[in-house]
$ cat protein_0.tsv   # TSV, C-alpha atoms
chain	number	residue	atom	x	y	z
A	1	ILE	CA	27.91	20.58	23.47
A	2	ASP	CA	24.64	18.93	22.48
A	3	VAL	CA	23.28	22.29	21.30
A	4	TYR	CA	26.38	22.90	19.19
A	5	LEU	CA	26.13	19.43	17.66
A	6	VAL	CA	22.43	19.82	16.88
A	7	GLN	CA	23.19	23.16	15.21
A	8	GLY	CA	26.07	21.63	13.27
A	9	ASP	CA	28.59	24.00	14.83
A	10	PHE	CA	31.29	21.36	15.26
A	11	ASP	CA	34.12	23.86	15.56
A	12	ALA	CA	32.50	25.51	18.58
A	13	ALA	CA	31.88	22.11	20.14
A	14	ALA	CA	35.49	21.08	19.55
A	15	SER	CA	36.77	24.34	21.05
A	16	GLN	CA	34.64	23.83	24.14
A	17	THR	CA	35.70	20.22	24.72
A	18	GLN	CA	39.34	21.09	24.09
A	19	SER	CA	39.16	23.69	26.87
A	20	TRP	CA	37.85	20.97	29.17
A	21	ILE	CA	40.69	18.65	28.15
A	22	ASP	CA	43.20	21.41	28.83
A	23	ASP	CA	41.79	21.82	32.35
A	24	GLU	CA	41.37	18.09	33.14
A	25	PRO	CA	43.23	15.92	30.59
A	26	ASP	CA	42.56	12.67	32.50
A	27	SER	CA	38.82	13.18	32.86
A	28	ILE	CA	36.85	10.32	31.34
A	29	PHE	CA	33.87	12.60	30.73
A	30	ASN	CA	35.97	15.24	29.00
A	31	ASN	CA	37.72	12.74	26.72
A	32	GLU	CA	34.46	11.00	25.89
A	33	ALA	CA	32.79	14.29	24.97
A	34	ALA	CA	35.80	15.36	22.90
A	35	GLY	CA	35.81	11.96	21.17
A	36	VAL	CA	32.16	12.24	20.21
A	37	VAL	CA	32.75	15.71	18.77
A	38	ALA	CA	35.77	14.48	16.81
A	39	ILE	CA	33.68	11.68	15.28
A	40	ARG	CA	31.01	14.17	14.25
A	41	GLN	CA	33.76	16.24	12.62
A	42	GLY	CA	34.97	13.18	10.74
A	43	ASN	CA	38.32	13.32	12.54
A	44	LEU	CA	38.53	9.64	13.41
A	45	GLU	CA	42.22	9.64	14.32
A	46	GLN	CA	41.68	12.39	16.89
A	47	ALA	CA	38.65	10.53	18.23
A	48	ARG	CA	40.77	7.41	18.61
A	49	THR	CA	43.25	9.40	20.69
A	50	TYR	CA	40.58	10.59	23.11
A	51	PHE	CA	39.06	7.15	23.64
A	52	THR	CA	42.51	5.60	24.03
A	53	ASN	CA	43.19	8.21	26.73
A	54	ILE	CA	40.16	6.90	28.60
A	55	LEU	CA	41.49	3.33	28.51
A	56	GLU	CA	44.72	4.54	30.05
A	57	VAL	CA	42.67	5.78	32.99
A	58	GLU	CA	40.17	2.89	33.08
A	59	ALA	CA	41.31	-0.10	31.02
A	60	ASN	CA	37.92	-1.82	31.09
A	61	HIS	CA	35.82	1.17	30.09
A	62	LEU	CA	33.13	-0.54	28.00
A	63	GLN	CA	31.94	2.39	25.89
A	64	SER	CA	35.47	3.31	24.87
A	65	ASN	CA	36.23	-0.24	23.78
A	66	LEU	CA	32.99	-0.30	21.80
A	67	THR	CA	33.75	3.01	20.12
A	68	LEU	CA	37.33	2.04	19.29
A	69	GLY	CA	35.99	-1.22	17.87
A	70	ARG	CA	33.58	0.71	15.64
A	71	LEU	CA	36.45	2.94	14.48
A	72	ASP	CA	38.43	-0.18	13.61
A	73	LEU	CA	35.48	-1.44	11.57
A	74	ILE	CA	35.29	1.83	9.66
A	75	GLU	CA	38.99	1.63	8.87
A	76	GLY	CA	38.84	-2.05	7.88
A	77	LYS	CA	40.87	-3.26	10.87
A	78	TYR	CA	38.58	-6.22	11.42
A	79	GLN	CA	40.81	-8.33	13.67
A	80	ASP	CA	41.50	-5.39	15.98
A	81	ALA	CA	37.77	-4.64	16.05
A	82	ALA	CA	36.91	-8.25	16.92
A	83	GLU	CA	39.36	-8.25	19.80
A	84	LYS	CA	37.84	-5.11	21.28
A	85	PHE	CA	34.28	-6.43	20.96
A	86	GLU	CA	35.30	-9.73	22.54
A	87	SER	CA	36.87	-7.85	25.44
A	88	VAL	CA	33.53	-6.11	26.04
A	89	LEU	CA	31.68	-9.44	25.92
A	90	GLU	CA	34.00	-10.86	28.58
A	91	ARG	CA	32.51	-8.31	30.98
A	92	GLN	CA	29.02	-7.79	29.49
A	93	ILE	CA	27.96	-10.97	27.75
A	94	ASP	CA	24.63	-9.62	26.50
A	95	SER	CA	25.90	-6.40	24.94
A	96	SER	CA	24.02	-6.18	21.64
A	97	ASP	CA	26.48	-3.54	20.41
A	98	ALA	CA	29.45	-5.80	21.04
A	99	ILE	CA	27.73	-8.84	19.51
A	100	GLY	CA	26.71	-6.86	16.44
A	101	GLY	CA	30.21	-5.45	16.11
A	102	LEU	CA	31.78	-8.88	16.45
A	103	LEU	CA	29.53	-10.26	13.71
A	104	ALA	CA	30.34	-7.30	11.44
A	105	ALA	CA	34.06	-7.84	12.02
A	106	GLY	CA	33.69	-11.53	11.18
A	107	ALA	CA	31.83	-10.69	8.00
A	108	GLY	CA	34.55	-8.23	7.08
A	109	ASN	CA	37.54	-10.57	7.44
A	110	GLY	CA	35.88	-13.81	6.32
A	111	THR	CA	35.52	-15.34	9.80
A	112	GLU	CA	31.78	-14.91	10.18
A	113	GLU	CA	31.11	-18.47	11.35
A	114	ALA	CA	33.79	-18.16	14.02
A	115	SER	CA	32.08	-15.00	15.27
A	116	VAL	CA	28.71	-16.75	15.21
A	117	ALA	CA	30.24	-19.62	17.17
A	118	ILE	CA	31.37	-17.22	19.89
A	119	VAL	CA	27.85	-15.85	20.21
A	120	GLN	CA	26.42	-19.36	20.09
A	121	GLY	CA	28.66	-20.25	23.00
A	122	ILE	CA	27.22	-17.37	25.01
A	123	ILE	CA	23.70	-18.57	24.15
A	124	ASP	CA	24.48	-22.14	25.19
A	125	ARG	CA	26.08	-21.13	28.50
A	126	ASN	CA	23.39	-18.64	29.48
A	127	ASP	CA	19.95	-20.08	28.84
A	128	ARG	CA	18.04	-17.08	30.20
A	129	LEU	CA	19.59	-14.36	28.07
A	130	PHE	CA	17.48	-13.25	25.11
A	131	VAL	CA	19.72	-10.50	23.69
A	132	PRO	CA	22.40	-12.77	22.12
A	133	PRO	CA	19.91	-14.87	20.09
A	134	LEU	CA	17.91	-11.74	19.30
A	135	THR	CA	21.01	-10.01	17.93
A	136	LEU	CA	21.85	-13.05	15.80
A	137	ALA	CA	18.28	-13.09	14.49
A	138	GLN	CA	18.54	-9.43	13.52
A	139	TYR	CA	21.92	-10.02	11.87
A	140	PHE	CA	20.69	-12.92	9.75
A	141	LEU	CA	17.50	-11.04	8.88
A	142	ALA	CA	19.57	-8.05	7.68
A	143	THR	CA	21.58	-10.41	5.45
A	144	ASN	CA	18.38	-12.10	4.17
A	145	ARG	CA	19.11	-15.52	5.66
A	146	LEU	CA	15.64	-16.11	6.94
A	147	GLU	CA	15.91	-19.71	8.13
A	148	ARG	CA	18.74	-18.84	10.50
A	149	ALA	CA	16.98	-15.62	11.49
A	150	ARG	CA	13.86	-17.61	12.37
A	151	GLU	CA	15.90	-20.12	14.38
A	152	TYR	CA	17.37	-17.46	16.65
A	153	ALA	CA	14.21	-15.36	16.82
A	154	ASP	CA	12.39	-18.46	18.13
A	155	ILE	CA	15.06	-18.96	20.78
A	156	ALA	CA	14.91	-15.31	21.82
A	157	ILE	CA	11.12	-15.16	22.22
A	158	ALA	CA	11.07	-18.47	24.07
A	159	ARG	CA	13.43	-16.96	26.63
A	160	ASP	CA	11.61	-13.64	26.99
A	161	ASN	CA	8.44	-12.65	25.18
A	162	ASN	CA	8.83	-8.88	24.96
A	163	PHE	CA	8.48	-6.09	22.42
A	164	PHE	CA	11.91	-6.70	20.90
A	165	THR	CA	11.65	-10.47	20.54
A	166	GLU	CA	8.09	-10.21	19.21
A	167	THR	CA	9.24	-7.61	16.69
A	168	ALA	CA	11.97	-9.99	15.51
A	169	ILE	CA	9.42	-12.76	14.95
A	170	ILE	CA	7.17	-10.35	13.06
A	171	ASP	CA	9.98	-8.96	10.88
A	172	VAL	CA	11.18	-12.44	9.95
A	173	SER	CA	7.64	-13.62	9.22
A	174	LEU	CA	6.83	-10.68	6.98
A	175	ALA	CA	10.11	-10.97	5.09
A	176	ASP	CA	9.46	-14.69	4.60
A	177	ALA	CA	5.88	-14.00	3.52
A	178	GLY	CA	7.14	-11.52	0.95
A	179	LEU	CA	9.48	-14.09	-0.56
A	180	ARG	CA	6.80	-16.78	-0.62
A	181	ARG	CA	4.40	-14.38	-2.28
A	182	GLU	CA	7.00	-13.60	-4.96
A	183	ALA	CA	7.27	-17.35	-5.52
A	184	GLN	CA	3.44	-17.47	-5.77
A	185	ASN	CA	3.17	-19.66	-2.68
A	186	PHE	CA	0.22	-17.56	-1.63
A	187	THR	CA	-1.28	-19.88	0.99
A	188	GLU	CA	2.05	-20.22	2.82
A	189	ALA	CA	2.56	-16.47	2.65
A	190	LEU	CA	-0.93	-15.83	4.03
A	191	ASN	CA	-0.37	-18.25	6.92
A	192	LEU	CA	2.75	-16.34	7.92
A	193	VAL	CA	0.96	-12.99	7.77
A	194	GLU	CA	-1.98	-14.30	9.77
A	195	GLY	CA	0.53	-15.50	12.38
A	196	VAL	CA	1.76	-11.92	12.66
A	197	LEU	CA	-1.81	-10.68	13.08
A	198	ASP	CA	-2.28	-13.20	15.88
A	199	LEU	CA	0.54	-11.38	17.68
A	200	GLN	CA	-0.49	-7.84	16.72
A	201	GLU	CA	-3.97	-7.64	15.25
A	202	ASN	CA	-3.55	-4.03	14.11
A	203	HIS	CA	-0.15	-4.36	12.45
A	204	ILE	CA	-0.54	-2.14	9.37
A	205	GLN	CA	2.08	-3.84	7.19
A	206	ALA	CA	0.62	-7.26	7.95
A	207	LEU	CA	-2.93	-6.07	7.22
A	208	THR	CA	-1.74	-4.57	3.93
A	209	MET	CA	0.02	-7.80	2.95
A	210	ALA	CA	-3.03	-9.84	3.94
A	211	ALA	CA	-5.21	-7.73	1.66
A	212	ALA	CA	-2.74	-8.11	-1.21
A	213	ILE	CA	-2.34	-11.87	-0.80
A	214	ASN	CA	-6.10	-12.43	-0.60
A	215	SER	CA	-6.43	-10.51	-3.84
A	216	ASP	CA	-3.72	-12.77	-5.30
A	217	LEU	CA	-6.00	-15.64	-4.33
A	218	ASN	CA	-8.96	-13.82	-5.94
A	219	ASP	CA	-10.69	-13.61	-2.57
A	220	TYR	CA	-11.61	-9.97	-2.95
A	221	ASP	CA	-14.28	-10.02	-0.25
A	222	GLN	CA	-11.73	-11.09	2.34
A	223	ALA	CA	-9.21	-8.58	0.97
A	224	ARG	CA	-11.75	-5.81	1.46
A	225	THR	CA	-12.18	-6.75	5.12
A	226	TYR	CA	-8.48	-6.12	5.68
A	227	VAL	CA	-8.66	-2.82	3.79
A	228	ALA	CA	-11.61	-1.80	5.97
A	229	ARG	CA	-9.56	-2.57	9.09
A	230	ILE	CA	-6.73	-0.39	7.81
A	231	GLN	CA	-9.19	2.43	7.11
A	232	SER	CA	-10.64	2.17	10.62
A	233	LEU	CA	-7.16	2.45	12.11
A	234	MET	CA	-5.99	5.35	9.91
A	235	PRO	CA	-9.14	7.31	8.99
A	236	ASP	CA	-7.39	10.63	8.43
A	237	LEU	CA	-4.43	9.39	6.41
A	238	PRO	CA	-4.11	8.78	2.66
A	239	PHE	CA	-2.59	5.30	2.88
A	240	PRO	CA	-5.83	3.31	3.42
A	241	HIS	CA	-7.38	4.93	0.35
A	242	GLU	CA	-4.29	4.08	-1.67
A	243	VAL	CA	-4.59	0.44	-0.58
A	244	ALA	CA	-8.28	0.50	-1.49
A	245	GLY	CA	-7.33	1.86	-4.92
A	246	ASP	CA	-4.78	-0.91	-5.40
A	247	LEU	CA	-7.41	-3.53	-4.59
A	248	ALA	CA	-10.01	-1.97	-6.89
A	249	LEU	CA	-7.47	-1.86	-9.70
A	250	ARG	CA	-6.67	-5.53	-9.25
A	251	GLU	CA	-10.38	-6.27	-9.46
A	252	GLY	CA	-10.50	-4.36	-12.73
A	253	ASP	CA	-12.64	-1.53	-11.36
A	254	THR	CA	-10.74	1.43	-12.79
A	255	ARG	CA	-13.36	3.95	-11.78
A	256	ALA	CA	-13.27	2.90	-8.13
A	257	ALA	CA	-9.46	2.80	-8.21
A	258	LEU	CA	-9.27	6.37	-9.53
A	259	ALA	CA	-11.76	7.59	-6.94
A	260	ALA	CA	-9.75	6.01	-4.13
A	261	TYR	CA	-6.44	7.30	-5.46
A	262	GLU	CA	-7.83	10.81	-5.84
A	263	ARG	CA	-9.11	10.73	-2.23
A	264	ALA	CA	-5.66	9.70	-1.09
A	265	TRP	CA	-4.02	12.33	-3.31
A	266	GLY	CA	-6.22	15.03	-1.82
A	267	MET	CA	-5.10	14.03	1.67
A	268	GLY	CA	-1.39	13.89	0.92
A	269	VAL	CA	0.92	13.81	-2.09
A	270	SER	CA	3.53	11.05	-2.26
A	271	GLY	CA	5.83	9.73	-4.96
A	272	ASN	CA	4.52	6.18	-4.81
A	273	LEU	CA	0.92	7.33	-5.19
A	274	GLY	CA	1.90	9.81	-7.88
A	275	VAL	CA	3.30	7.04	-10.06
A	276	LYS	CA	0.09	5.01	-9.70
A	277	ILE	CA	-2.26	7.87	-10.47
A	278	HIS	CA	-0.16	9.15	-13.37
A	279	ASP	CA	0.09	5.71	-14.95
A	280	LEU	CA	-3.65	5.13	-14.65
A	281	TYR	CA	-4.55	8.47	-16.23
A	282	SER	CA	-1.97	7.82	-18.94
A	283	GLN	CA	-3.52	4.44	-19.75
A	284	LEU	CA	-6.93	6.07	-19.96
A	285	GLY	CA	-5.64	8.83	-22.23
A	286	ARG	CA	-6.73	11.55	-19.80
A	287	SER	CA	-3.88	13.94	-20.51
A	288	ALA	CA	-5.37	16.93	-18.68
A	289	ASP	CA	-5.66	14.97	-15.43
A	290	MET	CA	-2.23	13.47	-16.00
A	291	ASN	CA	-0.72	16.95	-16.38
A	292	ARG	CA	-2.58	18.22	-13.33
A	293	VAL	CA	-1.19	15.40	-11.20
A	294	LEU	CA	2.34	16.02	-12.44
A	295	LEU	CA	2.18	19.72	-11.62
A	296	GLU	CA	0.70	19.10	-8.17
A	297	TRP	CA	3.33	16.45	-7.57
A	298	THR	CA	6.30	18.63	-8.50
A	299	GLN	CA	4.89	21.54	-6.50
A	300	ALA	CA	4.52	19.38	-3.40
A	301	ILE	CA	7.82	17.49	-3.80
A	302	PRO	CA	10.10	19.61	-6.02
A	303	ASP	CA	13.06	17.20	-5.82
A	304	ASP	CA	11.11	14.02	-6.61
A	305	ALA	CA	13.06	12.41	-9.45
A	306	ALA	CA	10.13	10.37	-10.78
A	307	ALA	CA	7.87	13.43	-10.94
A	308	ASN	CA	10.47	15.56	-12.70
A	309	LEU	CA	11.29	12.77	-15.12
A	310	LEU	CA	7.66	12.20	-16.06
A	311	LEU	CA	7.03	15.93	-16.39
A	312	GLY	CA	10.11	16.26	-18.59
A	313	MET	CA	8.88	13.44	-20.84
A	314	ASN	CA	5.49	15.13	-20.98
A	315	TYR	CA	7.04	18.46	-22.02
A	316	GLU	CA	9.22	16.72	-24.58
A	317	GLY	CA	6.12	15.12	-26.10
A	318	GLN	CA	4.63	18.61	-26.43
A	319	ASN	CA	7.87	19.84	-28.06
A	320	ARG	CA	8.50	22.17	-25.09
A	321	ILE	CA	12.20	21.41	-25.26
A	322	ASP	CA	13.51	24.05	-22.85
A	323	ASP	CA	10.99	22.98	-20.20
A	324	ALA	CA	11.86	19.32	-20.77
A	325	VAL	CA	15.58	20.01	-20.38
A	326	ASN	CA	14.92	21.91	-17.15
A	327	GLN	CA	13.05	18.93	-15.69
A	328	TYR	CA	15.67	16.40	-16.79
A	329	GLU	CA	18.41	18.55	-15.26
A	330	LYS	CA	16.51	18.45	-11.96
A	331	VAL	CA	16.52	14.66	-12.18
A	332	TYR	CA	20.24	14.69	-12.94
A	333	LEU	CA	20.92	16.75	-9.81
A	334	THR	CA	19.21	14.24	-7.52
A	335	GLU	CA	19.90	11.03	-9.48
A	336	PRO	CA	23.03	11.49	-11.64
A	337	ASP	CA	22.92	7.80	-12.59
A	338	ASN	CA	19.39	7.95	-14.00
A	339	LEU	CA	19.74	6.39	-17.45
A	340	ILE	CA	16.57	7.92	-18.91
A	341	ALA	CA	17.56	11.43	-17.85
A	342	LEU	CA	21.11	10.96	-19.18
A	343	ASN	CA	19.93	9.66	-22.54
A	344	ASN	CA	17.19	12.25	-22.96
A	345	LEU	CA	19.45	15.14	-22.06
A	346	ALA	CA	22.15	13.87	-24.42
A	347	TRP	CA	19.60	13.68	-27.22
A	348	LEU	CA	18.19	17.15	-26.58
A	349	TYR	CA	21.63	18.73	-26.23
A	350	GLN	CA	23.13	17.22	-29.38
A	351	ASP	CA	22.58	20.38	-31.44
A	352	SER	CA	22.62	23.16	-28.84
A	353	ARG	CA	25.38	21.82	-26.56
A	354	PRO	CA	27.23	18.99	-28.34
A	355	GLU	CA	30.05	18.78	-25.79
A	356	ARG	CA	27.56	18.42	-22.95
A	357	ALA	CA	25.65	15.85	-25.01
A	358	LEU	CA	28.81	13.77	-25.51
A	359	GLU	CA	29.67	14.00	-21.82
A	360	LEU	CA	26.22	12.73	-20.77
A	361	ALA	CA	26.14	9.99	-23.41
A	362	SER	CA	29.58	8.81	-22.31
A	363	GLN	CA	28.46	8.78	-18.68
A	364	ALA	CA	25.41	6.69	-19.61
A	365	ALA	CA	27.55	4.24	-21.60
A	366	GLU	CA	30.03	3.91	-18.74
A	367	LEU	CA	27.33	3.30	-16.15
A	368	TYR	CA	25.29	0.94	-18.34
A	369	PRO	CA	27.66	-0.68	-20.87
A	370	ASP	CA	25.07	-3.29	-21.90
$ encode --input "protein_0.tsv" --output "structure tokens"
Amino acid sequence: IDVYLVQGDFDAAASQTQSWIDDEPDSIFNNEAAGVVAIRQGNLEQARTYFTNILEVEANHLQSNLTLGRLDLIEGKYQDAAEKFESVLERQIDSSDAIGGLLAAGAGNGTEEASVAIVQGIIDRNDRLFVPPLTLAQYFLATNRLERAREYADIAIARDNNFFTETAIIDVSLADAGLRREAQNFTEALNLVEGVLDLQENHIQALTMAAAINSDLNDYDQARTYVARIQSLMPDLPFPHEVAGDLALREGDTRAALAAYERAWGMGVSGNLGVKIHDLYSQLGRSADMNRVLLEWTQAIPDDAAANLLLGMNYEGQNRIDDAVNQYEKVYLTEPDNLIALNNLAWLYQDSRPERALELASQAAELYPD
């Protein structure tokens, strides 16, 4: 069955599991396997039947209750979902799947705080369990409520300092640091990042943020120490050179920035780096290098919308209209809501394909009425 599913041959998987059901209709294993296949097929009603069959054999089967609860969530039956997740928690109070499902059901039907209160009750009654506060921390982090996320992450790590609770503290700290940096509270942001590095001294995202924040503070020497640490940890990857280029650019050293970006580009093409290198060459008026980067970029990542859009604009500037249209159409295939591609195609089609031009212009106006 696993082989069929990996290959995407859902019909063969369904045929196999159905033969098992025909032989042993009350088998929990058979119904569970058939239910999984039905979900992969998108046949949720059939999947519900199989997992309900399991509950008729074993009323407290945890995985079936969890799966039926998830199906209820998908179908917007939030109260039914909450009841199933609560039934799981009555027997397994630290089930992260059930807690997460309960919170999602509460968010769906407007009873989030009641769901949080249920989990809080579990936390209060079981002062050694770290999973319930950890799951709440992850939930509030995912919904960008960082103060509450921090509160529960602190509880979780105080109960059990492990990889998962430490990761929660790190994720909350970095998210908070990002917000404080946006607000230009650079010292507070740096303190949070340095706290992460106290936990994991080689955390790449934290090192990268530390370099950026130190450059915000105009402490370029300190920023370079963080960049050097990143380079020592990832000597064969392009990312450290990209970070070095970012720092050099902020210092105003265009030559060093280009050299670093080109080293990174030679080690691996990426969309993010492509935008940086293209923009820098464009600012410097180095059209030959700009065109080279665009061609290398589209060859390496043919479906990259940014690359195709920039190449299309480049062709349009050279009056290579057919080539420009071809690139914009590639953008439209991957990003049909891209306003620049819609507008540019509508403009270029106004004489050759007026109906198509009107269609694209109307789509742009509908998507972006202002």
$ atom_distance --input "protein_0.tsv" --atom1 "atom CA of A:Gly69" --atom2 "atom CA of A:Ala98"
8.6 Å
$ residues_around --input "protein_0.tsv" --residues "A:Phe239" --least-positions-apart "6" --cutoff "12 Å" --atoms "only C-alpha atoms" --output "CSV table (one decimal) with C-alpha atoms, keeping the file's coordinate frame"
chain,number,residue,atom,x,y,z
A,204,ILE,CA,-0.5,-2.1,9.4
A,205,GLN,CA,2.1,-3.8,7.2
A,208,THR,CA,-1.7,-4.6,3.9
A,227,VAL,CA,-8.7,-2.8,3.8
A,228,ALA,CA,-11.6,-1.8,6.0
A,230,ILE,CA,-6.7,-0.4,7.8
A,231,GLN,CA,-9.2,2.4,7.1
A,232,SER,CA,-10.6,2.2,10.6
A,233,LEU,CA,-7.2,2.4,12.1
A,245,GLY,CA,-7.3,1.9,-4.9
A,246,ASP,CA,-4.8,-0.9,-5.4
A,260,ALA,CA,-9.8,6.0,-4.1
A,261,TYR,CA,-6.4,7.3,-5.5
A,262,GLU,CA,-7.8,10.8,-5.8
A,263,ARG,CA,-9.1,10.7,-2.2
A,264,ALA,CA,-5.7,9.7,-1.1
A,265,TRP,CA,-4.0,12.3,-3.3
A,266,GLY,CA,-6.2,15.0,-1.8
A,267,MET,CA,-5.1,14.0,1.7
A,268,GLY,CA,-1.4,13.9,0.9
A,269,VAL,CA,0.9,13.8,-2.1
A,270,SER,CA,3.5,11.0,-2.3
A,272,ASN,CA,4.5,6.2,-4.8
A,273,LEU,CA,0.9,7.3,-5.2
$ axis_aligned_box --input "protein_0.tsv" --around "stretch 245-262 of chain A" --padding-each-side "4 Å" --output "AutoDock Vina command-line options"
--center_x -9.1 --center_y 2.3 --center_z -8.5 --size_x 16.6 --size_y 25.1 --size_z 16.7
$ atom_distance --input "protein_0.tsv" --atom1 "atom CA of A:Leu294" --atom2 "atom CA of A:Asn314"
9.1 Å
$ atom_distance --input "protein_0.tsv" --atom1 "atom CA of A:Pro302" --atom2 "atom CA of A:Thr334"
10.7 Å
$ residues_around --input "protein_0.tsv" --residues "stretch 125-137 of chain A" --least-positions-apart "3" --cutoff "6 Å" --atoms "all atoms listed in the file" --output "mmCIF file with C-alpha atoms, keeping the file's coordinate frame"
data_model
loop_
_atom_site.group_PDB
_atom_site.id
_atom_site.type_symbol
_atom_site.label_atom_id
_atom_site.label_comp_id
_atom_site.auth_asym_id
_atom_site.auth_seq_id
_atom_site.Cartn_x
_atom_site.Cartn_y
_atom_site.Cartn_z
ATOM 1 C CA ASP A 94 24.630 -9.620 26.500
ATOM 2 C CA ILE A 122 27.220 -17.370 25.010
ATOM 3 C CA PHE A 140 20.690 -12.920 9.750
ATOM 4 C CA ALA A 149 16.980 -15.620 11.490
ATOM 5 C CA TYR A 152 17.370 -17.460 16.650
ATOM 6 C CA ALA A 153 14.210 -15.360 16.820
ATOM 7 C CA ALA A 156 14.910 -15.310 21.820
ATOM 8 C CA ARG A 159 13.430 -16.960 26.630
#
$ residues_near_point --input "protein_0.tsv" --point "(2.6, -13.3, 0.1)" --cutoff "12 Å" --atoms "all atoms listed in the file" --output "PyMOL selection string"
chain A and resi 173-194+205-217
$ build_atoms --input "protein_0.tsv" --residues "stretch 262-275 of chain A" --atoms "N, CA, C and O atoms" --output "CSV table (one decimal), in the coordinates of the input"
chain,number,residue,atom,x,y,z
A,262,GLU,N,-7.6,9.4,-5.9
A,262,GLU,CA,-7.8,10.8,-5.8
A,262,GLU,C,-8.1,11.2,-4.4
A,262,GLU,O,-7.7,12.3,-4.0
A,263,ARG,N,-8.9,10.4,-3.7
A,263,ARG,CA,-9.1,10.7,-2.2
A,263,ARG,C,-7.8,10.8,-1.5
A,263,ARG,O,-7.5,11.7,-0.7
A,264,ALA,N,-7.0,9.7,-1.7
A,264,ALA,CA,-5.7,9.7,-1.1
A,264,ALA,C,-4.8,10.9,-1.5
A,264,ALA,O,-4.1,11.5,-0.7
A,265,TRP,N,-4.8,11.2,-2.8
A,265,TRP,CA,-4.0,12.3,-3.3
A,265,TRP,C,-4.4,13.7,-2.7
A,265,TRP,O,-3.6,14.5,-2.4
A,266,GLY,N,-5.7,13.8,-2.5
A,266,GLY,CA,-6.2,15.0,-1.8
A,266,GLY,C,-5.8,15.1,-0.4
A,266,GLY,O,-5.7,16.2,0.2
A,267,MET,N,-5.5,14.0,0.3
A,267,MET,CA,-5.1,14.0,1.7
A,267,MET,C,-3.6,14.2,1.8
A,267,MET,O,-3.1,14.6,2.9
A,268,GLY,N,-2.8,13.8,0.8
A,268,GLY,CA,-1.4,13.9,0.9
A,268,GLY,C,-0.7,13.4,-0.3
A,268,GLY,O,-0.9,12.2,-0.7
A,269,VAL,N,0.2,14.2,-0.9
A,269,VAL,CA,0.9,13.8,-2.1
A,269,VAL,C,2.1,13.0,-1.7
A,269,VAL,O,2.9,13.3,-0.8
A,270,SER,N,2.3,11.9,-2.5
A,270,SER,CA,3.5,11.0,-2.3
A,270,SER,C,4.0,10.5,-3.6
A,270,SER,O,3.2,10.4,-4.6
A,271,GLY,N,5.3,10.2,-3.7
A,271,GLY,CA,5.8,9.7,-5.0
A,271,GLY,C,5.2,8.4,-5.4
A,271,GLY,O,4.9,8.2,-6.6
A,272,ASN,N,5.1,7.5,-4.5
A,272,ASN,CA,4.5,6.2,-4.8
A,272,ASN,C,3.1,6.3,-5.4
A,272,ASN,O,2.8,5.7,-6.4
A,273,LEU,N,2.3,7.1,-4.7
A,273,LEU,CA,0.9,7.3,-5.2
A,273,LEU,C,0.9,8.1,-6.5
A,273,LEU,O,0.1,7.8,-7.4
A,274,GLY,N,1.8,9.0,-6.7
A,274,GLY,CA,1.9,9.8,-7.9
A,274,GLY,C,2.1,8.9,-9.1
A,274,GLY,O,1.5,9.1,-10.2
A,275,VAL,N,3.0,8.0,-9.0
A,275,VAL,CA,3.3,7.0,-10.1
A,275,VAL,C,2.0,6.3,-10.4
A,275,VAL,O,1.7,6.1,-11.6
